[in-house]
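Notes to accompany the following structure.
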Amino acid sequence: MDITPLFLAGAGMGLTAGGTTCAAVQFGLLTGAIRDGGGPRPVASFLTAKLASHTVLGALLGLAGGAVQPGPRVRGALLTAAALVLALFALDLLGFGPARRLPRRRSAAEPVPAEGRAGLPGHCAPSMRPQTRRRRPWALGAATVLVPCGLTLSAELLAVTSRSALGGAVVMGAFVLGTAPLFGLAGLAAGRVLAVLRGRLAALPALVLVVAAGWTLLSGLRLGGRLPSGGGTASAADSARFVRTDASGTQVVTVWALDQGYRPALATARAGVPTVLVLRTHGTRGHTRAFTIPGRGKDVILPENGDTRIDLGTPGPGRMRFVCASGHFPGAITFR
């Protein structure tokens, strides 16, 4: 197996867009890793653990192949859960998180612990042991595998299609390496910002997390098919240009997958006739290459260049929604 294309695909996804989309979703975990002290060490520990966990996941996905390929609704549920995690971290930064434990006063009847007798008052014991502080970046970095961004899910699909442990590990490892420069800079910058914004101004990072949570929730609902793709209608010009009937009487709907969305995003076609969807790419490198039809539970990885045909059967009246695997760029075909 030639793993070079897989490495380049994974690294390219991470470098071009994975850093920004993953940082938006996983910023809460990164903030938790450096909350007790900034600097390069906790950031490096976080990234190393993230690389290890994603590489192992990629190997498992590649080894199992299509047998474990998660459907769009499952991935949508994961993104929805990720949005909840981000909201919890925002509350944690504001002081309302369940992980925050305020030191309580010890009653006179309670025995004084050994460290208190050694000169450290029991009610002023450190809230976190040094070894816990050292382990936190490792634990949170490994936990990023449980909070995937949309583009991480696209990389996971690519790992599945490799159908080998080595190929899957290379894809996911390269993806994390591609995101590492931005994550490293974000971690170092966030450490300094948190040190400066102690107190009331710490609400600013929390606000960023709330916005990211809303964005992630929206993507998860789209990917799960639980959110309308828009109430607009296709123009007559688009329908005439992108919908045609070939010599055999089959209706052909053509949709271009661009780096920043699909064209047309809305199309109108006839119901009750055999229909084929043609997905066309030309130098496309974005996550629109991971094309999803939530209502049919169908995922397709598109090549950078070429046409991909999907047999839609004979659709009845209604709207068939589609979206990229990250849930960012939705569209729909209305059959009438």
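Naming works like this for the structure tokens: A, B, ... for the chains as they're shown, residue 1 at the start of each chain, ligands 1 onward in shown order.
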Quick one: residues within 6 Å of segment 313-324 of chain A, only C-alpha atoms, excluding same-chain residues fewer than 6 positions away - as a list in words?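 Counting only the stated atoms, we get Ala271, Gly272, Val273, Pro274, Thr275, Thr288, Ala290, Phe291, Thr292, Ile293, Pro330, Gly331, Ala332, Ile333, Thr334, Phe335 and Arg336 of chain A.
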Mind checking which residues fall within 12 Å of Gly58 of chain A, counting only C-alpha atoms, ignoring those fewer than 5 positions away in the same chain, and posting them as an mmCIF file with N, CA and C atoms, in the first residue's frame?
```
data_model
loop_
_atom_site.group_PDB
_atom_site.id
_atom_site.type_symbol
_atom_site.label_atom_id
_atom_site.label_comp_id
_atom_site.auth_asym_id
_atom_site.auth_seq_id
_atom_site.Cartn_x
_atom_site.Cartn_y
_atom_site.Cartn_z
ATOM 1 N N LEU A 6 -2.223 8.999 1.336
ATOM 2 C CA LEU A 6 -3.023 9.092 2.553
ATOM 3 C C LEU A 6 -2.435 10.118 3.517
ATOM 4 N N GLY A 10 -4.372 13.518 4.630
ATOM 5 C CA GLY A 10 -4.635 13.848 6.031
ATOM 6 C C GLY A 10 -3.985 15.140 6.455
ATOM 7 N N LEU A 51 -2.227 13.335 19.391
ATOM 8 C CA LEU A 51 -1.667 12.574 18.277
ATOM 9 C C LEU A 51 -1.769 11.079 18.537
ATOM 10 N N ALA A 52 -1.446 10.658 19.746
ATOM 11 C CA ALA A 52 -1.475 9.226 20.068
ATOM 12 C C ALA A 52 -2.897 8.665 19.991
ATOM 13 N N SER A 53 -3.854 9.370 20.572
ATOM 14 C CA SER A 53 -5.229 8.847 20.597
ATOM 15 C C SER A 53 -5.831 8.791 19.197
ATOM 16 N N LEU A 63 -8.543 -0.814 10.240
ATOM 17 C CA LEU A 63 -8.549 -2.265 10.380
ATOM 18 C C LEU A 63 -9.954 -2.832 10.228
ATOM 19 N N ALA A 64 -10.928 -2.160 10.822
ATOM 20 C CA ALA A 64 -12.301 -2.655 10.770
ATOM 21 C C ALA A 64 -12.974 -2.326 9.449
ATOM 22 N N GLY A 65 -12.489 -1.274 8.756
ATOM 23 C CA GLY A 65 -13.061 -0.919 7.469
ATOM 24 C C GLY A 65 -14.499 -0.456 7.575
ATOM 25 N N VAL A 68 -17.350 -0.529 10.664
ATOM 26 C CA VAL A 68 -17.548 0.389 11.781
ATOM 27 C C VAL A 68 -17.790 1.817 11.303
ATOM 28 N N GLN A 69 -18.044 1.979 10.022
ATOM 29 C CA GLN A 69 -18.238 3.334 9.511
ATOM 30 C C GLN A 69 -19.477 3.960 10.140
ATOM 31 N N VAL A 145 -10.309 12.991 21.134
ATOM 32 C CA VAL A 145 -10.844 11.992 20.216
ATOM 33 C C VAL A 145 -12.340 11.793 20.446
ATOM 34 N N THR A 152 -12.643 16.425 11.400
ATOM 35 C CA THR A 152 -12.105 15.197 11.977
ATOM 36 C C THR A 152 -12.945 14.007 11.539
ATOM 37 N N LEU A 153 -14.254 14.188 11.496
ATOM 38 C CA LEU A 153 -15.131 13.120 11.034
ATOM 39 C C LEU A 153 -14.852 12.781 9.574
ATOM 40 N N SER A 154 -14.545 13.799 8.775
ATOM 41 C CA SER A 154 -14.188 13.549 7.379
ATOM 42 C C SER A 154 -12.906 12.727 7.298
ATOM 43 N N ALA A 155 -11.920 13.072 8.135
ATOM 44 C CA ALA A 155 -10.671 12.309 8.164
ATOM 45 C C ALA A 155 -10.925 10.875 8.627
ATOM 46 N N GLU A 156 -11.850 10.694 9.560
ATOM 47 C CA GLU A 156 -12.177 9.346 10.012
ATOM 48 C C GLU A 156 -12.799 8.524 8.889
ATOM 49 N N LEU A 157 -13.632 9.163 8.084
ATOM 50 C CA LEU A 157 -14.206 8.457 6.938
ATOM 51 C C LEU A 157 -13.116 8.020 5.963
ATOM 52 N N LEU A 158 -12.134 8.893 5.749
ATOM 53 C CA LEU A 158 -11.021 8.550 4.869
ATOM 54 C C LEU A 158 -10.210 7.401 5.457
ATOM 55 N N ALA A 159 -10.052 7.387 6.787
ATOM 56 C CA ALA A 159 -9.344 6.280 7.443
ATOM 57 C C ALA A 159 -10.094 4.966 7.251
ATOM 58 N N VAL A 160 -11.417 5.027 7.318
ATOM 59 C CA VAL A 160 -12.222 3.827 7.121
ATOM 60 C C VAL A 160 -12.041 3.293 5.712
ATOM 61 N N THR A 161 -12.070 4.179 4.724
ATOM 62 C CA THR A 161 -11.973 3.743 3.334
ATOM 63 C C THR A 161 -10.590 3.192 2.990
ATOM 64 N N SER A 162 -9.570 3.495 3.802
ATOM 65 C CA SER A 162 -8.243 2.937 3.548
ATOM 66 C C SER A 162 -8.213 1.435 3.777
ATOM 67 N N ARG A 163 -9.091 0.949 4.665
ATOM 68 C CA ARG A 163 -9.255 -0.478 4.950
ATOM 69 C C ARG A 163 -7.940 -1.156 5.369
ATOM 70 N N SER A 164 -7.104 -0.433 6.077
ATOM 71 C CA SER A 164 -5.892 -1.033 6.645
ATOM 72 C C SER A 164 -5.526 -0.266 7.898
ATOM 73 N N ALA A 165 -4.945 -0.970 8.867
ATOM 74 C CA ALA A 165 -4.556 -0.326 10.122
ATOM 75 C C ALA A 165 -3.496 0.736 9.872
ATOM 76 N N LEU A 166 -2.532 0.423 9.005
ATOM 77 C CA LEU A 166 -1.473 1.387 8.719
ATOM 78 C C LEU A 166 -2.022 2.606 8.014
ATOM 79 N N GLY A 167 -2.871 2.383 7.019
ATOM 80 C CA GLY A 167 -3.440 3.512 6.286
ATOM 81 C C GLY A 167 -4.277 4.412 7.170
ATOM 82 N N GLY A 168 -5.114 3.808 8.024
ATOM 83 C CA GLY A 168 -5.940 4.611 8.917
ATOM 84 C C GLY A 168 -5.114 5.387 9.916
ATOM 85 N N ALA A 169 -4.068 4.752 10.457
ATOM 86 C CA ALA A 169 -3.202 5.439 11.411
ATOM 87 C C ALA A 169 -2.475 6.600 10.748
ATOM 88 N N VAL A 170 -2.025 6.403 9.507
ATOM 89 C CA VAL A 170 -1.318 7.465 8.786
ATOM 90 C C VAL A 170 -2.243 8.647 8.523
ATOM 91 N N VAL A 171 -3.476 8.368 8.107
ATOM 92 C CA VAL A 171 -4.420 9.453 7.821
ATOM 93 C C VAL A 171 -4.679 10.294 9.067
ATOM 94 N N MET A 172 -5.022 9.641 10.180
ATOM 95 C CA MET A 172 -5.379 10.377 11.388
ATOM 96 C C MET A 172 -4.168 11.045 12.021
ATOM 97 N N GLY A 173 -3.019 10.348 11.997
ATOM 98 C CA GLY A 173 -1.812 10.965 12.539
ATOM 99 C C GLY A 173 -1.407 12.183 11.746
ATOM 100 N N ALA A 174 -1.455 12.088 10.406
ATOM 101 C CA ALA A 174 -1.098 13.221 9.558
ATOM 102 C C ALA A 174 -2.073 14.376 9.750
ATOM 103 N N PHE A 175 -3.342 14.044 9.950
ATOM 104 C CA PHE A 175 -4.336 15.095 10.175
ATOM 105 C C PHE A 175 -4.012 15.891 11.439
ATOM 106 N N VAL A 176 -3.683 15.189 12.516
ATOM 107 C CA VAL A 176 -3.345 15.875 13.768
ATOM 108 C C VAL A 176 -2.065 16.692 13.608
#
```
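If you look at atom CA of Gly224 of chain A and atom CA of Thr16 of chain A, they are 25.1 Å away from each other.
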From the options A:Ala186, A:Ala49, A:Val211, A:Ala81, which residue's atoms come nearest to Arg135 of chain A, counting only C-alpha atoms?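 Closest to Arg135 of chain A of all the choices is A:Ala49.
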Within 12 Å of segment 241-244 of chain A, counting only C-alpha atoms, which residues qualify if same-chain residues fewer than 2 places away don't, as a count of residues only? 36
Give me, as a VMD selection string, all polymer residues having an atom no more than 6 Å from Trp138 of chain A, counting only C-alpha atoms and skipping those fewer than 2 positions away in the same chain. chain A and resid 45 to 46 49 135 to 136 140 to 141
Let's have the selection written as a JSON list (two decimals), in the first residue's frame, with N, CA, C and O atoms.
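As a result, result.json now contains:
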```
[["chain", "number", "residue", "atom", "x", "y", "z"],
["A", 45, "SER", "N", 2.34, 18.43, 25.82],
["A", 45, "SER", "CA", 1.72, 17.21, 26.36],
["A", 45, "SER", "C", 0.33, 17.00, 25.77],
["A", 45, "SER", "O", -0.04, 15.87, 25.40],
["A", 46, "PHE", "N", -0.43, 18.07, 25.66],
["A", 46, "PHE", "CA", -1.77, 18.01, 25.08],
["A", 46, "PHE", "C", -1.71, 17.49, 23.65],
["A", 46, "PHE", "O", -2.46, 16.58, 23.26],
["A", 49, "ALA", "N", -0.59, 13.72, 23.36],
["A", 49, "ALA", "CA", -1.68, 12.80, 23.70],
["A", 49, "ALA", "C", -2.74, 12.78, 22.61],
["A", 49, "ALA", "O", -3.31, 11.73, 22.29],
["A", 135, "ARG", "N", -0.87, 15.59, 34.81],
["A", 135, "ARG", "CA", -1.63, 14.62, 34.04],
["A", 135, "ARG", "C", -2.77, 15.26, 33.25],
["A", 135, "ARG", "O", -3.23, 14.69, 32.27],
["A", 136, "ARG", "N", -3.24, 16.40, 33.71],
["A", 136, "ARG", "CA", -4.41, 17.01, 33.07],
["A", 136, "ARG", "C", -4.20, 17.25, 31.57],
["A", 136, "ARG", "O", -5.08, 16.88, 30.77],
["A", 140, "LEU", "N", -6.67, 15.51, 28.81],
["A", 140, "LEU", "CA", -7.52, 16.33, 27.94],
["A", 140, "LEU", "C", -7.11, 16.20, 26.48],
["A", 140, "LEU", "O", -7.97, 16.23, 25.58],
["A", 141, "GLY", "N", -5.82, 16.06, 26.21],
["A", 141, "GLY", "CA", -5.39, 15.85, 24.84],
["A", 141, "GLY", "C", -5.93, 14.54, 24.28],
["A", 141, "GLY", "O", -6.38, 14.48, 23.13]]
```
Report, in Å to a single decimal, how far apart atom CA of Leu223 of chain A and atom CA of Gly306 of chain A are.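 Those two atoms sit 24.5 Å apart.
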At what distance in Å, to one decimal, does atom CA of Ala325 of chain A lie from atom CA of Ala77 of chain A? 12.7 Å
